[in-house]
$ cat run-v4.txt   # compact mmCIF, C-alpha atoms
# COMPACT_ATOMS: atom_id res chain seq x y z
CA MET A 1 23.15 19.94 -14.79
CA ALA A 2 25.60 17.04 -14.65
CA VAL A 3 24.19 13.73 -15.82
CA ILE A 4 24.31 11.12 -13.06
CA THR A 5 22.77 7.73 -13.80
CA ARG A 6 22.66 4.44 -11.94
CA PHE A 7 22.02 0.75 -12.37
CA ALA A 8 20.35 -0.87 -9.37
CA PRO A 9 19.78 -4.63 -9.73
CA SER A 10 18.45 -6.94 -7.02
CA PRO A 11 20.78 -9.90 -6.24
CA THR A 12 18.06 -12.53 -6.53
CA GLY A 13 19.73 -14.36 -9.41
CA LEU A 14 22.31 -14.03 -12.17
CA LEU A 15 22.13 -11.12 -14.59
CA HIS A 16 20.68 -11.80 -18.05
CA LEU A 17 20.52 -9.83 -21.31
CA GLY A 18 17.66 -7.67 -20.05
CA HIS A 19 19.85 -6.53 -17.18
CA ALA A 20 22.70 -5.92 -19.59
CA HIS A 21 20.45 -3.70 -21.70
CA ALA A 22 19.38 -1.71 -18.62
CA ALA A 23 22.94 -1.34 -17.34
CA LEU A 24 24.30 -0.32 -20.75
CA THR A 25 21.47 2.20 -21.19
CA ALA A 26 22.41 3.99 -17.96
CA TRP A 27 26.16 3.64 -18.49
CA SER A 28 26.00 4.93 -22.09
CA ALA A 29 23.82 7.92 -21.13
CA ALA A 30 26.36 9.00 -18.52
CA ARG A 31 29.31 8.32 -20.82
CA ARG A 32 27.85 10.37 -23.72
CA ALA A 33 27.26 13.34 -21.42
CA GLY A 34 30.60 13.12 -19.64
CA GLY A 35 28.67 12.35 -16.48
CA ARG A 36 28.79 9.73 -13.74
CA PHE A 37 27.49 6.17 -13.63
CA LEU A 38 26.73 4.67 -10.23
CA LEU A 39 25.97 1.14 -9.10
CA ARG A 40 23.91 -0.07 -6.17
CA THR A 41 22.37 -3.38 -5.15
CA GLU A 42 18.76 -3.36 -4.01
CA ASP A 43 18.90 -6.21 -1.51
CA ILE A 44 16.26 -5.18 1.03
CA ASP A 45 14.37 -8.45 0.55
CA GLY A 46 16.41 -10.74 2.75
CA THR A 47 14.26 -13.74 1.87
CA ARG A 48 15.21 -13.69 -1.83
CA CYS A 49 18.55 -11.89 -2.15
CA ARG A 50 21.81 -13.83 -1.90
CA PRO A 51 25.38 -12.55 -1.35
CA GLU A 52 26.74 -14.84 -4.06
CA PHE A 53 24.51 -13.11 -6.61
CA ALA A 54 25.71 -9.69 -5.40
CA VAL A 55 29.29 -10.80 -6.09
CA ALA A 56 28.29 -12.20 -9.49
CA ILE A 57 26.70 -8.86 -10.47
CA LEU A 58 30.01 -7.05 -10.01
CA GLU A 59 31.93 -9.73 -11.89
CA ASP A 60 29.51 -9.84 -14.81
CA LEU A 61 29.32 -6.06 -15.23
CA ALA A 62 33.10 -5.75 -15.13
CA TRP A 63 33.43 -8.55 -17.72
CA LEU A 64 30.89 -6.72 -19.89
CA GLY A 65 33.21 -3.70 -19.84
CA LEU A 66 31.23 -1.41 -17.57
CA ASP A 67 32.89 0.73 -14.92
CA TRP A 68 31.23 2.76 -12.19
CA GLU A 69 32.22 5.56 -9.89
CA GLY A 70 32.75 5.13 -6.16
CA GLU A 71 31.62 2.34 -3.87
CA VAL A 72 28.59 0.23 -4.62
CA ARG A 73 25.71 1.26 -2.38
CA VAL A 74 24.21 -1.81 -0.68
CA GLN A 75 20.71 -1.03 0.53
CA SER A 76 20.62 -3.59 3.36
CA ARG A 77 23.37 -1.62 5.11
CA HIS A 78 21.24 1.51 5.29
CA MET A 79 17.97 0.41 6.88
CA ALA A 80 18.24 3.11 9.56
CA GLU A 81 18.09 5.76 6.84
CA TYR A 82 14.91 4.30 5.39
CA ARG A 83 13.42 4.03 8.89
CA ALA A 84 14.15 7.74 9.40
CA ALA A 85 12.32 8.58 6.16
CA LEU A 86 9.34 6.51 7.27
CA ASP A 87 9.37 8.32 10.62
CA ARG A 88 9.22 11.67 8.82
CA LEU A 89 6.07 10.55 7.04
CA ALA A 90 4.60 9.07 10.22
CA VAL A 91 4.92 12.24 12.31
CA ARG A 92 2.90 14.05 9.64
CA GLY A 93 0.11 11.50 9.92
CA LEU A 94 0.77 10.06 6.46
CA LEU A 95 1.29 6.42 7.48
CA TYR A 96 -0.93 3.93 9.24
CA PRO A 97 -0.41 0.32 10.35
CA CYS A 98 -2.21 -2.33 8.30
CA PHE A 99 -2.83 -5.69 9.97
CA CYS A 100 -4.56 -7.28 6.97
CA THR A 101 -3.13 -10.41 5.40
CA ARG A 102 -2.93 -10.81 1.64
CA ALA A 103 -5.57 -13.53 1.84
CA GLY A 104 -7.84 -11.31 3.92
CA ILE A 105 -7.50 -8.45 1.46
CA ALA A 106 -8.29 -10.78 -1.42
CA ARG A 107 -11.45 -11.97 0.33
CA GLU A 108 -12.58 -8.43 1.05
CA VAL A 109 -11.93 -7.34 -2.54
CA ALA A 110 -13.83 -10.37 -3.86
CA ALA A 111 -16.78 -9.64 -1.57
CA ALA A 112 -16.90 -6.04 -2.78
CA GLY A 113 -17.43 -7.18 -6.36
CA ALA A 114 -15.89 -4.53 -8.62
CA ALA A 115 -12.81 -3.20 -6.83
CA PRO A 116 -10.78 -0.35 -8.40
CA GLN A 117 -7.67 -1.59 -10.17
CA GLY A 118 -4.16 -0.17 -9.89
CA PRO A 119 -0.83 -1.05 -11.55
CA ASP A 120 -0.32 -3.89 -9.07
CA GLY A 121 -3.89 -5.23 -9.09
CA PRO A 122 -6.98 -4.40 -7.01
CA LEU A 123 -6.54 -1.40 -4.73
CA TYR A 124 -6.48 -1.92 -0.99
CA PRO A 125 -9.98 -1.20 0.36
CA GLY A 126 -8.73 0.88 3.30
CA THR A 127 -9.86 -1.47 6.06
CA CYS A 128 -7.16 -0.57 8.59
CA ARG A 129 -7.22 3.13 7.71
CA ARG A 130 -10.59 3.25 9.43
CA LEU A 131 -9.41 1.62 12.67
CA ALA A 132 -9.61 3.70 15.83
CA PRO A 133 -6.19 4.73 17.25
CA ALA A 134 -6.85 2.72 20.43
CA VAL A 135 -7.48 -0.43 18.40
CA ARG A 136 -4.27 0.08 16.45
CA GLU A 137 -2.25 0.60 19.60
CA ALA A 138 -3.74 -2.48 21.24
CA ARG A 139 -2.92 -4.69 18.28
CA ILE A 140 0.64 -3.41 18.07
CA ALA A 141 1.10 -3.90 21.81
CA ALA A 142 -0.16 -7.46 21.43
CA GLY A 143 2.55 -8.13 18.85
CA ALA A 144 0.32 -8.37 15.78
CA PRO A 145 2.40 -8.12 12.57
CA TYR A 146 1.61 -5.16 10.38
CA ALA A 147 2.67 -3.25 7.30
CA LEU A 148 2.90 0.52 6.99
CA ARG A 149 0.70 2.06 4.33
CA LEU A 150 0.73 5.55 2.90
CA ASP A 151 -2.55 7.37 3.47
CA MET A 152 -2.95 8.43 -0.13
CA ALA A 153 -5.76 10.91 0.44
CA ALA A 154 -3.79 12.68 3.18
CA ALA A 155 -0.63 12.65 1.05
CA LEU A 156 -2.37 14.09 -2.00
CA ALA A 157 -3.79 16.88 0.14
CA LEU A 158 -0.21 18.02 0.77
CA ALA A 159 0.97 17.67 -2.85
CA PRO A 160 0.88 20.56 -5.31
CA ALA A 161 -1.73 20.61 -8.03
CA GLY A 162 -0.48 19.45 -11.40
CA LEU A 163 2.21 17.12 -10.07
CA SER A 164 4.22 15.81 -13.04
CA PHE A 165 7.51 14.29 -14.15
CA GLU A 166 9.85 14.84 -17.10
CA GLU A 167 10.07 11.85 -19.44
CA ALA A 168 12.73 11.78 -22.17
CA GLY A 169 11.13 12.21 -25.58
CA GLU A 170 7.70 12.98 -24.14
CA GLY A 171 8.11 16.11 -22.06
CA ARG A 172 6.21 16.62 -18.82
CA LEU A 173 3.63 13.98 -17.95
CA ARG A 174 0.87 14.45 -15.39
CA CYS A 175 1.13 12.26 -12.30
CA ASP A 176 -1.69 10.17 -10.91
CA PRO A 177 -0.38 8.66 -7.63
CA ALA A 178 -3.92 7.77 -6.56
CA GLN A 179 -3.81 4.81 -8.95
CA PHE A 180 -1.67 3.04 -6.31
CA GLY A 181 -4.15 3.56 -3.49
CA ASP A 182 -2.70 3.30 0.01
CA ALA A 183 0.63 1.84 -1.07
CA VAL A 184 2.68 -0.31 1.29
CA LEU A 185 5.94 1.40 2.25
CA ALA A 186 7.17 -1.20 4.76
CA ARG A 187 6.40 -4.79 5.80
CA LYS A 188 7.54 -7.02 8.63
CA GLU A 189 9.65 -9.15 6.26
CA VAL A 190 10.85 -6.16 4.19
CA PRO A 191 11.25 -3.16 6.55
CA ALA A 192 11.22 -0.64 3.70
CA SER A 193 9.63 -0.96 0.27
CA TYR A 194 11.20 -0.63 -3.15
CA HIS A 195 9.25 2.60 -3.69
CA LEU A 196 10.68 4.28 -0.60
CA CYS A 197 14.24 2.97 -0.94
CA VAL A 198 14.68 3.81 -4.60
CA THR A 199 13.47 7.40 -4.24
CA HIS A 200 15.58 7.87 -1.09
CA ASP A 201 18.73 6.53 -2.74
CA ASP A 202 18.29 8.42 -5.99
CA ALA A 203 18.06 11.63 -3.95
CA LEU A 204 20.97 10.75 -1.67
CA GLN A 205 23.23 9.78 -4.56
CA GLY A 206 22.34 12.84 -6.60
CA VAL A 207 20.92 10.86 -9.54
CA THR A 208 19.71 13.31 -12.18
CA LEU A 209 18.58 10.84 -14.86
CA VAL A 210 16.72 7.67 -13.92
CA THR A 211 16.86 5.10 -16.71
CA ARG A 212 14.83 1.94 -16.20
CA GLY A 213 12.43 -0.41 -17.97
CA LEU A 214 9.00 0.54 -19.22
CA ASP A 215 7.47 -1.84 -16.68
CA LEU A 216 8.49 0.61 -13.95
CA LYS A 217 7.08 3.71 -15.62
CA PRO A 218 3.80 3.58 -13.63
CA ALA A 219 5.81 3.58 -10.38
CA THR A 220 7.12 7.04 -11.26
CA HIS A 221 3.73 8.50 -10.34
CA LEU A 222 4.14 7.29 -6.76
CA HIS A 223 7.84 8.14 -6.63
CA ARG A 224 7.20 11.75 -7.57
CA LEU A 225 4.70 12.03 -4.73
CA LEU A 226 7.23 10.64 -2.24
CA GLN A 227 9.85 13.07 -3.54
CA VAL A 228 7.52 15.99 -2.90
CA LEU A 229 6.46 14.77 0.55
CA LEU A 230 10.06 14.23 1.67
CA GLY A 231 11.60 17.26 0.00
CA TRP A 232 13.78 15.23 -2.36
CA PRO A 233 14.90 16.62 -5.76
CA GLU A 234 13.20 15.61 -8.98
CA PRO A 235 15.33 13.72 -11.51
CA ARG A 236 14.49 13.29 -15.19
CA TYR A 237 13.27 9.89 -16.37
CA ALA A 238 13.93 7.73 -19.42
CA HIS A 239 12.04 4.44 -19.51
CA HIS A 240 13.45 2.05 -22.08
CA ARG A 241 12.07 -0.96 -23.92
CA LEU A 242 12.23 -4.42 -22.41
CA LEU A 243 14.09 -7.21 -24.18
CA THR A 244 11.96 -10.22 -25.08
CA ASP A 245 12.55 -13.83 -26.05
CA ALA A 246 11.57 -15.52 -29.32
CA ALA A 247 8.01 -15.94 -28.01
CA GLY A 248 7.72 -12.23 -27.25
CA ARG A 249 7.92 -12.72 -23.49
CA ARG A 250 9.92 -10.29 -21.40
CA LEU A 251 13.27 -11.75 -20.33
CA ALA A 252 13.04 -12.72 -16.67
CA LYS A 253 14.99 -14.79 -14.17
CA ARG A 254 11.90 -16.77 -13.22
CA ASP A 255 11.43 -17.86 -16.85
CA GLY A 256 15.00 -19.08 -17.16
CA ALA A 257 16.38 -16.29 -19.34
CA PRO A 258 20.00 -17.16 -20.31
CA SER A 259 22.39 -15.51 -17.87
CA LEU A 260 25.41 -13.44 -18.83
CA ARG A 261 27.47 -16.04 -16.98
CA ALA A 262 26.09 -18.81 -19.19
CA LEU A 263 26.74 -16.79 -22.35
CA ARG A 264 30.31 -16.15 -21.25
CA GLU A 265 30.88 -19.84 -20.46
CA ALA A 266 29.47 -20.70 -23.89
CA GLY A 267 32.28 -18.68 -25.47
CA ARG A 268 30.51 -15.39 -26.19
CA SER A 269 32.71 -12.31 -26.02
CA PRO A 270 31.75 -9.10 -24.15
CA ALA A 271 31.30 -7.35 -27.51
CA GLU A 272 28.95 -10.10 -28.71
CA VAL A 273 26.88 -9.92 -25.53
CA ARG A 274 26.68 -6.12 -25.73
CA ALA A 275 25.41 -6.52 -29.30
CA LEU A 276 22.82 -9.09 -28.18
CA ALA A 277 21.70 -6.55 -25.58
CA GLY A 278 21.21 -3.92 -28.27
CA PHE A 279 24.51 -2.07 -27.89
CA ALA A 280 26.67 -3.14 -30.81
CA GLY A 281 29.79 -1.06 -31.19
CA THR A 282 29.81 0.35 -27.66

$ encode --input "run-v4.txt" --output "structure tokens"
Amino acid sequence: MAVITRFAPSPTGLLHLGHAHAALTAWSAARRAGGRFLLRTEDIDGTRCRPEFAVAILEDLAWLGLDWEGEVRVQSRHMAEYRAALDRLAVRGLLYPCFCTRAGIAREVAAAGAAPQGPDGPLYPGTCRRLAPAVREARIAAGAPYALRLDMAAALALAPAGLSFEEAGEGRLRCDPAQFGDAVLARKEVPASYHLCVTHDDALQGVTLVTRGLDLKPATHLHRLLQVLLGWPEPRYAHHRLLTDAAGRRLAKRDGAPSLRALREAGRSPAEVRALAGFAGT
């Protein structure tokens, strides 16, 4: 099978060394195998993404010496495709509208005492899953904002036993999508979630090897379930280490990690920056 990898940053800020490590990991894997390296921008969050950062991503990657095949896929231009995927889940009774606010969920979880924990915190208690259809319809008709949640119990009933994924260096790992509870797949402000869009695009673009940071490894459990439910192919996965600063903290935009742009303006060469990102000699 041909190796097809991708790098899919969100244009919410300038790229830093952690992004460079992720991009070089995917690019190098494709290059070693004589495969293809693709680029897309995950800009579905219109409240945080900026076009100037999308332009900067292309400039910084090109300066770093990376090349990619074909046009860059821009997620915000394909919302109808994600809506169609959501509709496919909805007609099978796998989605339900959730009218709860984050504050309301927090209060309900606190009142319950010991709520089950998932990768993203306490699991949603299922309040709106139990609403009668007439109540849901009335609230929607009244214009109440809502998210779309995956009915995890219904979804798991349709999934094969022993669902798993292939992780580089570890072999097949058993999936536990239930750890996410009734995951949100769409919100009013973000019409399709990261989980839905990334699995859709990996399938559409024919990605065969997903390389990404270890922080996203838990998400693979949910992504494999979505792939099965929607009939999408299963790629292999390779989750890589995360670069940290001198204090051992993961490099992040919000913590002011030095950007590639700043390193370039400080006189660093592409080769020096690749070495700082863990790819000396590439």

$ atom_distance --input "run-v4.txt" --atom1 "atom CA of A:Gly181" --atom2 "atom CA of A:Glu81"
24.6 Å

$ residues_around --input "run-v4.txt" --residues "stretch 18-26 of chain A" --least-positions-apart "5" --cutoff "7 Å" --atoms "only C-alpha atoms" --output "list of chain:residue names"
A:Thr5, A:Arg6, A:Phe7, A:Thr211, A:Arg212, A:Leu242, A:Leu243, A:Leu251, A:Ala277, A:Gly278

$ write_last_selection --input "run-v4.txt" --atoms "C-alpha atoms" --output "PDB file, in the frame of the given file"
ATOM      1  CA  THR A   5      22.770   7.730 -13.800  1.00  0.00           C
ATOM      2  CA  ARG A   6      22.660   4.440 -11.940  1.00  0.00           C
ATOM      3  CA  PHE A   7      22.020   0.750 -12.370  1.00  0.00           C
ATOM      4  CA  THR A 211      16.860   5.100 -16.710  1.00  0.00           C
ATOM      5  CA  ARG A 212      14.830   1.940 -16.200  1.00  0.00           C
ATOM      6  CA  LEU A 242      12.230  -4.420 -22.410  1.00  0.00           C
ATOM      7  CA  LEU A 243      14.090  -7.210 -24.180  1.00  0.00           C
ATOM      8  CA  LEU A 251      13.270 -11.750 -20.330  1.00  0.00           C
ATOM      9  CA  ALA A 277      21.700  -6.550 -25.580  1.00  0.00           C
ATOM     10  CA  GLY A 278      21.210  -3.920 -28.270  1.00  0.00           C
TER      11      GLY A 278
END

$ closest_residue --input "run-v4.txt" --among "A:Cys175, A:Leu131, A:Leu204, A:Ala90" --to "A:Trp232" --atoms "all atoms listed in the file"
A:Leu204

$ residues_near_point --input "run-v4.txt" --point "(20.0, 16.5, -14.7)" --cutoff "9 Å" --atoms "only C-alpha atoms" --output "ChimeraX atom specification"
/A:1-4,207-209,234-236

$ atom_distance --input "run-v4.txt" --atom1 "atom CA of A:Leu230" --atom2 "atom CA of A:Ala203"
10.1 Å

$ residues_around --input "run-v4.txt" --residues "A:Leu17" --least-positions-apart "2" --cutoff "12 Å" --atoms "all atoms listed in the file" --output "ChimeraX atom specification"
/A:14-15,19-24,60-61,64,242-245,250-253,256-264,270,272-279

$ closest_residue --input "run-v4.txt" --among "A:Val210, A:Ala159, A:Ala192, A:Cys197" --to "A:Leu229" --atoms "only C-alpha atoms"
A:Ala159

$ atom_distance --input "run-v4.txt" --atom1 "atom CA of A:Arg241" --atom2 "atom CA of A:Gly169"
13.3 Å

$ residues_around --input "run-v4.txt" --residues "A:Ala168" --least-positions-apart "5" --cutoff "8 Å" --atoms "all atoms listed in the file" --output "ChimeraX atom specification"
/A:236-239

$ residues_around --input "run-v4.txt" --residues "stretch 34-41 of chain A" --least-positions-apart "2" --cutoff "7 Å" --atoms "only C-alpha atoms" --output "MDAnalysis selection string"
chainID A and resid 2:11 27 30:32 43 68:69 72:75

$ residues_around --input "run-v4.txt" --residues "A:Val228" --least-positions-apart "6" --cutoff "12 Å" --atoms "all atoms listed in the file" --output "MDAnalysis selection string"
chainID A and resid 89 155:161 163:165 175 177 199:200 203 221:222 234:235

$ closest_residue --input "run-v4.txt" --among "A:Asp202, A:Glu265, A:Asp120, A:Glu59" --to "A:Asp182" --atoms "all atoms listed in the file"
A:Asp120

$ closest_residue --input "run-v4.txt" --among "A:Ala85, A:Leu214, A:Leu58, A:Leu123" --to "A:His195" --atoms "all atoms listed in the file"
A:Ala85

$ closest_residue --input "run-v4.txt" --among "A:Pro116, A:Pro122, A:Gly65, A:Pro145" --to "A:Cys98" --atoms "all atoms listed in the file"
A:Pro145

$ closest_residue --input "run-v4.txt" --among "A:Ala183, A:Ala246, A:Val198, A:Leu94" --to "A:Gly118" --atoms "all atoms listed in the file"
A:Ala183

$ build_atoms --input "run-v4.txt" --residues "stretch 157-168 of chain A" --atoms "all heavy atoms" --output "CSV table (one decimal), in the coordinates of the input"
chain,number,residue,atom,x,y,z
A,157,ALA,N,-3.4,15.6,-0.4
A,157,ALA,CA,-3.8,16.9,0.1
A,157,ALA,C,-2.6,17.8,0.4
A,157,ALA,O,-2.8,19.0,0.4
A,157,ALA,CB,-4.6,16.7,1.4
A,158,LEU,N,-1.4,17.2,0.5
A,158,LEU,CA,-0.2,18.0,0.8
A,158,LEU,C,0.6,18.3,-0.5
A,158,LEU,O,1.6,19.0,-0.5
A,158,LEU,CB,0.7,17.3,1.8
A,158,LEU,CG,0.1,17.1,3.2
A,158,LEU,CD1,1.1,16.4,4.1
A,158,LEU,CD2,-0.2,18.5,3.8
A,159,ALA,N,0.2,17.6,-1.6
A,159,ALA,CA,1.0,17.7,-2.8
A,159,ALA,C,0.5,18.8,-3.7
A,159,ALA,O,-0.7,19.2,-3.6
A,159,ALA,CB,0.8,16.4,-3.6
A,160,PRO,N,1.3,19.4,-4.5
A,160,PRO,CA,0.9,20.6,-5.3
A,160,PRO,C,0.0,20.1,-6.4
A,160,PRO,O,0.1,18.9,-6.9
A,160,PRO,CB,2.2,21.1,-5.9
A,160,PRO,CG,3.1,20.0,-5.8
A,160,PRO,CD,2.8,19.2,-4.6
A,161,ALA,N,-0.9,20.9,-6.9
A,161,ALA,CA,-1.7,20.6,-8.0
A,161,ALA,C,-0.8,20.5,-9.3
A,161,ALA,O,0.2,21.2,-9.4
A,161,ALA,CB,-2.8,21.7,-8.2
A,162,GLY,N,-1.2,19.6,-10.2
A,162,GLY,CA,-0.5,19.4,-11.4
A,162,GLY,C,0.9,18.8,-11.2
A,162,GLY,O,1.8,19.0,-12.0
A,163,LEU,N,1.0,17.9,-10.3
A,163,LEU,CA,2.2,17.1,-10.1
A,163,LEU,C,2.6,16.4,-11.4
A,163,LEU,O,1.7,15.7,-12.0
A,163,LEU,CB,2.0,16.1,-8.9
A,163,LEU,CG,3.3,15.3,-8.5
A,163,LEU,CD1,4.3,16.3,-7.9
A,163,LEU,CD2,2.9,14.3,-7.4
A,164,SER,N,3.8,16.4,-11.8
A,164,SER,CA,4.2,15.8,-13.0
A,164,SER,C,5.7,15.4,-13.0
A,164,SER,O,6.4,15.6,-12.0
A,164,SER,CB,4.0,16.8,-14.2
A,164,SER,OG,4.9,17.9,-14.0
A,165,PHE,N,6.1,14.7,-14.0
A,165,PHE,CA,7.5,14.3,-14.2
A,165,PHE,C,8.0,14.5,-15.6
A,165,PHE,O,7.1,14.5,-16.5
A,165,PHE,CB,7.8,12.9,-13.7
A,165,PHE,CG,7.1,11.8,-14.5
A,165,PHE,CD1,7.7,11.1,-15.5
A,165,PHE,CD2,5.8,11.4,-14.2
A,165,PHE,CE1,7.1,10.1,-16.3
A,165,PHE,CE2,5.2,10.3,-14.9
A,165,PHE,CZ,5.8,9.7,-15.9
A,166,GLU,N,9.3,14.6,-15.8
A,166,GLU,CA,9.8,14.8,-17.1
A,166,GLU,C,10.3,13.5,-17.7
A,166,GLU,O,11.2,12.9,-17.1
A,166,GLU,CB,11.0,15.8,-17.0
A,166,GLU,CG,11.7,16.1,-18.3
A,166,GLU,CD,10.9,17.1,-19.2
A,166,GLU,OE1,10.1,17.8,-18.6
A,166,GLU,OE2,11.2,17.2,-20.4
A,167,GLU,N,9.7,13.1,-18.8
A,167,GLU,CA,10.1,11.8,-19.4
A,167,GLU,C,10.8,12.2,-20.8
A,167,GLU,O,10.3,13.0,-21.6
A,167,GLU,CB,8.8,11.0,-19.7
A,167,GLU,CG,9.1,9.7,-20.5
A,167,GLU,CD,9.8,8.7,-19.7
A,167,GLU,OE1,9.7,8.7,-18.4
A,167,GLU,OE2,10.3,7.7,-20.3
A,168,ALA,N,12.0,11.6,-21.0
A,168,ALA,CA,12.7,11.8,-22.2
A,168,ALA,C,11.9,11.5,-23.4
A,168,ALA,O,11.3,10.4,-23.5
A,168,ALA,CB,14.0,10.9,-22.2
